[in-house]
Amino acid sequence: MITNDKGIVELKHFILREVCRLAWEGRLTSGETEKIVYQVSPGPKPKYRCCVYKEREIVRGRIRLAMGQDPDPAHSSTNVVSVISAACDDCPIQTYFVSDICRFCLGKACLSSCRFNAIAPGDHKMKIDPAKCKSCGMCAKSCPFGAIIHQERPCRKACPVDAIFYDEAGICRIDESRCIHCGHCIHNCPFGAIGSKIYATDVIRHIIDGKRVIAMCAPATEGQFGKDISMAAIRAALKKAGFADMVEVGLGGDMTAASEALEWIEARKEGRIMTTSCCPAFISMLHHHFPKQYEENKSSTVSPMVAVSRYLKSQDPDCVTVFIGPCIAKKGETMNASIKNSADYALTYGEIVALLDSKGIVPEPVDETYQEASLFGKRFAGSGGVAGAVLEVMQEMGEDTSDIKLMTCAGGDECKKALMLLKAGKLDVDFIEGMICPGGCVGGPSKHQVESMVLKARTELLEKADKRKILENLKNYPMDQFSMNRDGSK
């Protein structure tokens with residue numbers, strides 16, 4: 001995982017690795033997890049925070065997250081994204097500040113512009129009373145020197161749907177009715193106060209119980225661990241850890257592309273704009289913030305993750321499917337009751353690395369090859385990849401796609417802008433590909449390395465893949481045995 005602070009990543013990894021180790025050994029008890037607390041913060045002096053008591057409470061919150069629980073029992077929720085209250089207290093509550101640029105001028109335009117009596121003269125410059133300030137910004141606009149600055153907290157600034165708010169103590173809270181589980185707030189908090197619930201211990205429990213647990217690796221996986229670690233190498237490492245098998249979700253990309261192509265052909269005949277259905281955060285943005293467009297414009301095809309899970313469960317109804325990728329929103333998708341036979345669990349790259357590390361397993365190069373997806377399915381991970389695969393299927397079906405007007409959106413702001421134009425009826429396109437993460441899934445919040453390194457390694461790995469066609473590839477899989485519709489209907 002990549003965040004603003006390497007120290008946060010290392011701390012999260014250590015805690016999750018130790019929790020996983022206890023789960024493998026059947027010792028995941030409160031007494032044993034409390035030992036982890038004191039390993040991190042032995043005292044008497046603190047390492048990270050103001051005191052060891054605060055440090056220990058934060059570690060306890062991280063342990064609860066690592067066990068799939070709410071970090072703060074006093075604020076329980078069903079949301080996969082949660083806040084460790086004890087860790088969130090060092091950001092300024094105030095959003096407008098008077099800087100040293102203030103000349104304490106005679107005009108004092110800031111004073112006359114404030115309607116809430118929040119600004120007053122100090123000893124050497126103007127000052128703002130945070131208890132009275134309503135963050136309207138009028139003082140900043142009126143200052144002739146630009147001395148009043150607006151400072152937005154990183155978590156709120158990163159959220160594309162304004163789902164972050166603060167309680168009376170200034171602690172970050174998440175509006176579940178607005179949250180799209182994109183995870184951008186998690187990796188923008190400099191204190192690591194926001195995290196997602198982790199279900200690694202549930203996966204371990206199923207493996208120990210003898211269940212057939214099958215990993216499903218996202219198309220973004222290739223390149224995450226370097227140019228020498230292929231899908232076959234990752235498959236070998238996962239099987240060593242106890243997974244029964246691994247299937248690349250790029251196969252689901254082929255399945256999704258084939259299904260969406262039929263929808264696009266029909267929508268084109270009707271003159272109806274259609275959006276893609278692969279990015280769960282984009283679908284959540286549609287559902288929560290653009291409900292009419294969700295009903296009228298969204299593709300009814302399931303995401304590649306769900307497609308592969310349904311395929312596997314059609315072959316073995318008792319298997320447990322585990323998605324592995326860079327996406328926090330996939331966790332929310334696994335918990336969506338309206339999507340039948342979705343993946344049972346979703347883990348990020350950082351989480352699966354900690355799980356493997358807890359057994360001393362490191363992915364190593366292997367000689368064998370493994371490929372179940374076309375190159376188009378593998379490219380689902382990049383911006384434009386989904387649309388490119390759908391257009392490829394349409395062309396394989398003999399459709400003329402030369403005059404199709406396509407919009408690809410990568411990033412929360414781009415997606416929101418496109419959907420606002422769609423809602424206003426001002427969008428002159430045929431289809432919209434929406435991905436909440438800049439660059440697509442490869443740039444997801446829980447990528448394992450910096451994006452430039454991933455892309456370089458990924459290019460080398462994809463060059464080794466064969467050039468099979470999508471529809472030709474799908475002849476090898478019994479798609480008539482499961483539904484590609486979100487509601488499960490044939």
# chains A, B, ... in the order shown; residues from 1 in each chain; ligands from 1
>>> select_by_dssp(residues="range 15-202 of chain A", states="alpha helix (DSSP H)", output="PyMOL selection string")
chain A and resi 15-25+30-40+52-66+109-113+138-142+154-158+200-202
>>> atom_distance(atom1="CA of Gly398 in chain A", atom2="CA of Cys441 in chain A")
29.4 Å
>>> closest_residue(among="A:Arg458, A:Arg212, A:His448, A:His181", to="Phe282 in chain A", atoms="only C-alpha atoms")
A:His181
>>> closest_residue(among="A:Phe482, A:Phe376, A:Tyr166, A:Phe14", to="Asp466 in chain A", atoms="only C-alpha atoms")
A:Phe376
>>> closest_atom_pairs(of="range 264-363 of chain A", to="range 410-433 of chain A", cutoff="9 Å", atoms="only C-alpha atoms", output="JSON lines")
{"residue": "A:Trp264", "atom": "CA", "partner": "A:Phe431", "partner_atom": "CA", "distance": 7.8}
{"residue": "A:Ala267", "atom": "CA", "partner": "A:Asp430", "partner_atom": "CA", "distance": 8.5}
{"residue": "A:Arg268", "atom": "CA", "partner": "A:Asp430", "partner_atom": "CA", "distance": 7.0}
{"residue": "A:Gly271", "atom": "CA", "partner": "A:Asp430", "partner_atom": "CA", "distance": 7.8}
{"residue": "A:Arg272", "atom": "CA", "partner": "A:Asp430", "partner_atom": "CA", "distance": 7.1}
{"residue": "A:Ile273", "atom": "CA", "partner": "A:Asp430", "partner_atom": "CA", "distance": 4.9}
{"residue": "A:Met274", "atom": "CA", "partner": "A:Phe431", "partner_atom": "CA", "distance": 4.9}
{"residue": "A:Thr275", "atom": "CA", "partner": "A:Ile432", "partner_atom": "CA", "distance": 4.6}
{"residue": "A:Thr276", "atom": "CA", "partner": "A:Glu433", "partner_atom": "CA", "distance": 5.2}
{"residue": "A:Ser277", "atom": "CA", "partner": "A:Glu433", "partner_atom": "CA", "distance": 8.3}
{"residue": "A:Cys278", "atom": "CA", "partner": "A:Glu433", "partner_atom": "CA", "distance": 8.9}
{"residue": "A:Phe282", "atom": "CA", "partner": "A:Cys415", "partner_atom": "CA", "distance": 7.4}
{"residue": "A:Met285", "atom": "CA", "partner": "A:Lys416", "partner_atom": "CA", "distance": 7.9}
{"residue": "A:Leu286", "atom": "CA", "partner": "A:Leu419", "partner_atom": "CA", "distance": 7.8}
{"residue": "A:Phe290", "atom": "CA", "partner": "A:Leu419", "partner_atom": "CA", "distance": 7.4}
{"residue": "A:Lys292", "atom": "CA", "partner": "A:Lys423", "partner_atom": "CA", "distance": 8.1}
{"residue": "A:Gln293", "atom": "CA", "partner": "A:Lys423", "partner_atom": "CA", "distance": 6.8}
>>> write_last_selection(atoms="N, CA and C atoms", output="CSV table (one decimal), in the first residue's frame")
chain,number,residue,atom,x,y,z
A,264,TRP,N,-24.9,-2.2,-24.8
A,264,TRP,CA,-24.6,-1.0,-25.5
A,264,TRP,C,-25.2,-1.0,-26.9
A,267,ALA,N,-28.8,-0.1,-26.3
A,267,ALA,CA,-29.0,1.3,-25.9
A,267,ALA,C,-28.7,2.3,-27.0
A,268,ARG,N,-27.8,1.9,-27.9
A,268,ARG,CA,-27.5,2.7,-29.0
A,268,ARG,C,-28.7,2.8,-30.0
A,271,GLY,N,-31.1,5.2,-28.5
A,271,GLY,CA,-30.6,6.6,-28.3
A,271,GLY,C,-30.4,6.9,-26.8
A,272,ARG,N,-30.0,5.9,-26.0
A,272,ARG,CA,-29.9,6.1,-24.6
A,272,ARG,C,-28.4,6.0,-24.2
A,273,ILE,N,-28.0,7.0,-23.4
A,273,ILE,CA,-26.6,6.9,-22.9
A,273,ILE,C,-26.5,5.9,-21.8
A,274,MET,N,-25.4,5.1,-21.9
A,274,MET,CA,-25.2,4.1,-20.9
A,274,MET,C,-23.8,4.2,-20.2
A,275,THR,N,-23.8,3.9,-18.9
A,275,THR,CA,-22.5,3.9,-18.2
A,275,THR,C,-22.1,2.5,-17.9
A,276,THR,N,-20.8,2.4,-17.7
A,276,THR,CA,-20.2,1.0,-17.3
A,276,THR,C,-20.6,0.7,-15.9
A,277,SER,N,-20.3,-0.6,-15.6
A,277,SER,CA,-20.8,-1.1,-14.3
A,277,SER,C,-19.7,-1.7,-13.4
A,278,CYS,N,-18.4,-1.5,-13.8
A,278,CYS,CA,-17.3,-2.3,-13.2
A,278,CYS,C,-16.8,-1.7,-11.9
A,282,PHE,N,-17.9,4.0,-8.5
A,282,PHE,CA,-18.6,4.8,-9.5
A,282,PHE,C,-20.1,4.4,-9.4
A,285,MET,N,-21.6,6.1,-6.4
A,285,MET,CA,-21.8,7.5,-6.7
A,285,MET,C,-23.1,7.7,-7.4
A,286,LEU,N,-23.3,6.9,-8.4
A,286,LEU,CA,-24.6,6.9,-9.2
A,286,LEU,C,-25.8,6.6,-8.3
A,290,PHE,N,-26.9,10.2,-7.8
A,290,PHE,CA,-27.6,10.4,-9.0
A,290,PHE,C,-28.6,9.3,-9.3
A,292,LYS,N,-31.7,8.8,-10.3
A,292,LYS,CA,-32.4,8.7,-11.6
A,292,LYS,C,-31.5,8.1,-12.7
A,293,GLN,N,-30.3,8.6,-12.7
A,293,GLN,CA,-29.3,8.1,-13.7
A,293,GLN,C,-28.9,6.7,-13.4
>>> residues_around(residues="range 52-66 of chain A", least_positions_apart="2", cutoff="10 Å", atoms="only C-alpha atoms", output="NGL selection string")
:A and (11-13 or 15-20 or 33-34 or 36-50 or 68-73 or 80-88 or 192-201 or 351)
>>> write_last_selection(atoms="N, CA and C atoms", output="short mmCIF file (atom, residue, chain, number, x, y, z; two decimals), in the first residue's frame")
data_model
loop_
_atom_site.label_atom_id
_atom_site.label_comp_id
_atom_site.auth_asym_id
_atom_site.auth_seq_id
_atom_site.Cartn_x
_atom_site.Cartn_y
_atom_site.Cartn_z
N LEU A 11 3.38 0.22 10.33
CA LEU A 11 2.64 -0.08 11.56
C LEU A 11 1.41 -0.93 11.26
N LYS A 12 0.66 -0.56 10.21
CA LYS A 12 -0.52 -1.33 9.82
C LYS A 12 -0.12 -2.76 9.45
N HIS A 13 0.96 -2.87 8.70
CA HIS A 13 1.41 -4.20 8.27
C HIS A 13 1.79 -5.06 9.46
N ILE A 15 0.80 -4.88 12.61
CA ILE A 15 -0.37 -5.27 13.40
C ILE A 15 -1.18 -6.35 12.69
N LEU A 16 -1.44 -6.18 11.39
CA LEU A 16 -2.22 -7.17 10.66
C LEU A 16 -1.48 -8.50 10.55
N ARG A 17 -0.18 -8.44 10.33
CA ARG A 17 0.60 -9.68 10.25
C ARG A 17 0.52 -10.46 11.56
N GLU A 18 0.64 -9.75 12.68
CA GLU A 18 0.59 -10.43 13.98
C GLU A 18 -0.81 -10.97 14.28
N VAL A 19 -1.84 -10.23 13.88
CA VAL A 19 -3.22 -10.71 14.05
C VAL A 19 -3.44 -11.96 13.21
N CYS A 20 -2.95 -11.96 11.98
CA CYS A 20 -3.08 -13.13 11.11
C CYS A 20 -2.32 -14.32 11.68
N THR A 33 -4.06 -10.52 21.76
CA THR A 33 -4.02 -9.27 20.98
C THR A 33 -3.53 -8.10 21.84
N GLU A 34 -3.77 -8.18 23.15
CA GLU A 34 -3.27 -7.12 24.03
C GLU A 34 -1.74 -7.13 24.09
N ILE A 36 0.08 -7.54 21.51
CA ILE A 36 0.48 -6.76 20.33
C ILE A 36 0.50 -5.28 20.69
N VAL A 37 -0.48 -4.85 21.49
CA VAL A 37 -0.56 -3.46 21.92
C VAL A 37 0.74 -3.05 22.60
N TYR A 38 1.22 -3.88 23.49
CA TYR A 38 2.43 -3.54 24.26
C TYR A 38 3.71 -3.77 23.45
N GLN A 39 3.63 -4.59 22.41
CA GLN A 39 4.78 -4.70 21.50
C GLN A 39 4.98 -3.39 20.74
N VAL A 40 3.88 -2.80 20.31
CA VAL A 40 3.94 -1.54 19.56
C VAL A 40 4.29 -0.38 20.48
N SER A 41 3.68 -0.35 21.65
CA SER A 41 3.90 0.76 22.57
C SER A 41 4.25 0.24 23.95
N PRO A 42 5.50 -0.16 24.16
CA PRO A 42 5.89 -0.77 25.44
C PRO A 42 5.98 0.24 26.58
N GLY A 43 6.18 1.55 26.23
CA GLY A 43 6.33 2.54 27.27
C GLY A 43 7.72 2.50 27.89
N PRO A 44 8.01 3.32 28.89
CA PRO A 44 7.08 4.32 29.44
C PRO A 44 6.92 5.56 28.58
N LYS A 45 7.85 5.76 27.61
CA LYS A 45 7.75 6.93 26.76
C LYS A 45 7.05 6.57 25.45
N PRO A 46 6.27 7.49 24.90
CA PRO A 46 5.56 7.21 23.65
C PRO A 46 6.50 7.25 22.44
N LYS A 47 6.13 6.52 21.37
CA LYS A 47 6.91 6.53 20.13
C LYS A 47 6.28 7.45 19.08
N TYR A 48 4.95 7.49 19.07
CA TYR A 48 4.25 8.16 17.97
C TYR A 48 3.39 9.34 18.42
N ARG A 49 2.78 9.23 19.57
CA ARG A 49 1.81 10.22 20.00
C ARG A 49 2.23 10.88 21.31
N CYS A 50 1.29 11.61 21.91
CA CYS A 50 1.63 12.40 23.09
C CYS A 50 1.90 11.54 24.32
N GLY A 68 -11.86 -7.19 11.35
CA GLY A 68 -13.13 -6.93 10.68
C GLY A 68 -14.17 -6.26 11.56
N GLN A 69 -13.73 -5.63 12.64
CA GLN A 69 -14.64 -5.00 13.59
C GLN A 69 -14.53 -3.48 13.52
N ASP A 70 -15.50 -2.79 14.14
CA ASP A 70 -15.42 -1.34 14.25
C ASP A 70 -14.26 -0.97 15.17
N PRO A 71 -13.44 0.00 14.79
CA PRO A 71 -12.30 0.36 15.63
C PRO A 71 -12.73 1.01 16.94
N ASP A 72 -13.87 1.66 16.93
CA ASP A 72 -14.39 2.36 18.12
C ASP A 72 -15.75 1.78 18.46
N PRO A 73 -15.86 0.93 19.47
CA PRO A 73 -17.14 0.30 19.81
C PRO A 73 -18.26 1.30 20.07
N VAL A 80 -17.74 -0.08 5.62
CA VAL A 80 -16.42 -0.73 5.62
C VAL A 80 -15.32 0.28 5.95
N VAL A 81 -15.57 1.56 5.71
CA VAL A 81 -14.61 2.61 6.04
C VAL A 81 -14.95 3.16 7.41
N SER A 82 -13.98 3.17 8.30
CA SER A 82 -14.22 3.56 9.69
C SER A 82 -13.14 4.50 10.20
N VAL A 83 -13.46 5.19 11.30
CA VAL A 83 -12.54 6.15 11.90
C VAL A 83 -12.08 5.67 13.27
N ILE A 84 -10.77 5.71 13.51
CA ILE A 84 -10.23 5.45 14.84
C ILE A 84 -10.24 6.79 15.58
N SER A 85 -11.22 6.99 16.44
CA SER A 85 -11.42 8.30 17.07
C SER A 85 -10.18 8.80 17.80
N ALA A 86 -9.48 7.91 18.49
CA ALA A 86 -8.32 8.32 19.27
C ALA A 86 -7.19 8.85 18.39
N ALA A 87 -7.16 8.42 17.13
CA ALA A 87 -6.09 8.86 16.22
C ALA A 87 -6.43 10.17 15.53
N CYS A 88 -7.69 10.57 15.58
CA CYS A 88 -8.13 11.77 14.86
C CYS A 88 -8.34 12.93 15.83
N GLY A 192 -3.25 8.40 9.79
CA GLY A 192 -3.75 7.03 9.69
C GLY A 192 -4.99 6.80 10.53
N ALA A 193 -5.80 7.86 10.71
CA ALA A 193 -6.96 7.75 11.58
C ALA A 193 -8.15 7.06 10.92
N ILE A 194 -8.13 6.96 9.60
CA ILE A 194 -9.24 6.32 8.88
C ILE A 194 -8.73 5.02 8.28
N GLY A 195 -9.52 3.98 8.40
CA GLY A 195 -9.13 2.68 7.85
C GLY A 195 -10.34 1.92 7.37
N SER A 196 -10.09 0.79 6.77
CA SER A 196 -11.20 -0.07 6.35
C SER A 196 -11.15 -1.37 7.13
N LYS A 197 -12.30 -1.96 7.34
CA LYS A 197 -12.36 -3.24 8.03
C LYS A 197 -11.69 -4.31 7.16
N ILE A 198 -10.96 -5.19 7.81
CA ILE A 198 -10.16 -6.19 7.12
C ILE A 198 -10.70 -7.58 7.46
N TYR A 199 -10.86 -8.41 6.45
CA TYR A 199 -11.50 -9.71 6.67
C TYR A 199 -10.53 -10.88 6.47
N ALA A 200 -9.24 -10.60 6.68
CA ALA A 200 -8.22 -11.64 6.51
C ALA A 200 -8.41 -12.79 7.50
N THR A 201 -8.81 -12.48 8.74
CA THR A 201 -8.96 -13.55 9.73
C THR A 201 -10.14 -14.46 9.38
N GLU A 351 -3.10 -6.12 2.45
CA GLU A 351 -3.67 -7.11 3.37
C GLU A 351 -3.25 -8.53 3.01
#
>>> select_by_dssp(residues="range 37-273 of chain A", states="strand (DSSP E or B)", output="MDAnalysis selection string")
chainID A and resid 81:83 96:98 119:121 126:128 148:150 164:166 172:174 194:196 213:217 245:248
>>> closest_residue(among="A:Cys110, A:Cys143, A:Cys91, A:Ala244", to="Cys172 in chain A", atoms="only C-alpha atoms")
A:Cys91
>>> residues_around(residues="Arg379 in chain A", least_positions_apart="6", cutoff="8 Å", atoms="only C-alpha atoms", output="mmCIF file with C-alpha atoms, in the first residue's frame")
data_model
loop_
_atom_site.group_PDB
_atom_site.id
_atom_site.type_symbol
_atom_site.label_atom_id
_atom_site.label_comp_id
_atom_site.auth_asym_id
_atom_site.auth_seq_id
_atom_site.Cartn_x
_atom_site.Cartn_y
_atom_site.Cartn_z
ATOM 1 C CA PRO A 219 -6.473 -7.233 -13.484
ATOM 2 C CA GLY A 250 -9.417 -10.429 -16.144
ATOM 3 C CA GLY A 385 -9.706 -0.448 -20.648
ATOM 4 C CA VAL A 386 -13.335 -1.348 -19.951
#
>>> closest_atom_pairs(of="range 170-288 of chain A", to="range 314-321 of chain A", cutoff="10 Å", atoms="only C-alpha atoms", output="JSON lines")
{"residue": "A:Val203", "atom": "CA", "partner": "A:Val320", "partner_atom": "CA", "distance": 8.4}
{"residue": "A:His206", "atom": "CA", "partner": "A:Val320", "partner_atom": "CA", "distance": 7.8}
{"residue": "A:Ile207", "atom": "CA", "partner": "A:Val320", "partner_atom": "CA", "distance": 9.2}
{"residue": "A:Lys211", "atom": "CA", "partner": "A:Cys319", "partner_atom": "CA", "distance": 6.7}
{"residue": "A:Arg212", "atom": "CA", "partner": "A:Cys319", "partner_atom": "CA", "distance": 5.0}
{"residue": "A:Val213", "atom": "CA", "partner": "A:Val320", "partner_atom": "CA", "distance": 4.6}
{"residue": "A:Ile214", "atom": "CA", "partner": "A:Thr321", "partner_atom": "CA", "distance": 5.0}
{"residue": "A:Ala215", "atom": "CA", "partner": "A:Thr321", "partner_atom": "CA", "distance": 6.0}
{"residue": "A:Met216", "atom": "CA", "partner": "A:Thr321", "partner_atom": "CA", "distance": 7.0}
{"residue": "A:Phe243", "atom": "CA", "partner": "A:Val320", "partner_atom": "CA", "distance": 9.8}
{"residue": "A:Ala244", "atom": "CA", "partner": "A:Cys319", "partner_atom": "CA", "distance": 9.4}
{"residue": "A:Asp245", "atom": "CA", "partner": "A:Thr321", "partner_atom": "CA", "distance": 9.9}
{"residue": "A:Met246", "atom": "CA", "partner": "A:Thr321", "partner_atom": "CA", "distance": 9.4}
{"residue": "A:Val247", "atom": "CA", "partner": "A:Thr321", "partner_atom": "CA", "distance": 9.9}
>>> atom_distance(atom1="CA of Arg103 in chain A", atom2="CA of Arg153 in chain A")
26.4 Å
>>> atom_distance(atom1="CA of Lys141 in chain A", atom2="CA of Asn188 in chain A")
27.5 Å
>>> closest_residue(among="A:Cys102, A:Tyr370, A:Val353, A:Met255", to="Asp480 in chain A", atoms="only C-alpha atoms")
A:Met255
>>> closest_residue(among="A:His124, A:Leu406, A:Glu222, A:Glu399", to="Glu463 in chain A", atoms="only C-alpha atoms")
A:Glu222
>>> closest_residue(among="A:Lys125, A:Lys378, A:Lys359, A:Lys298", to="Glu25 in chain A", atoms="only C-alpha atoms")
A:Lys359
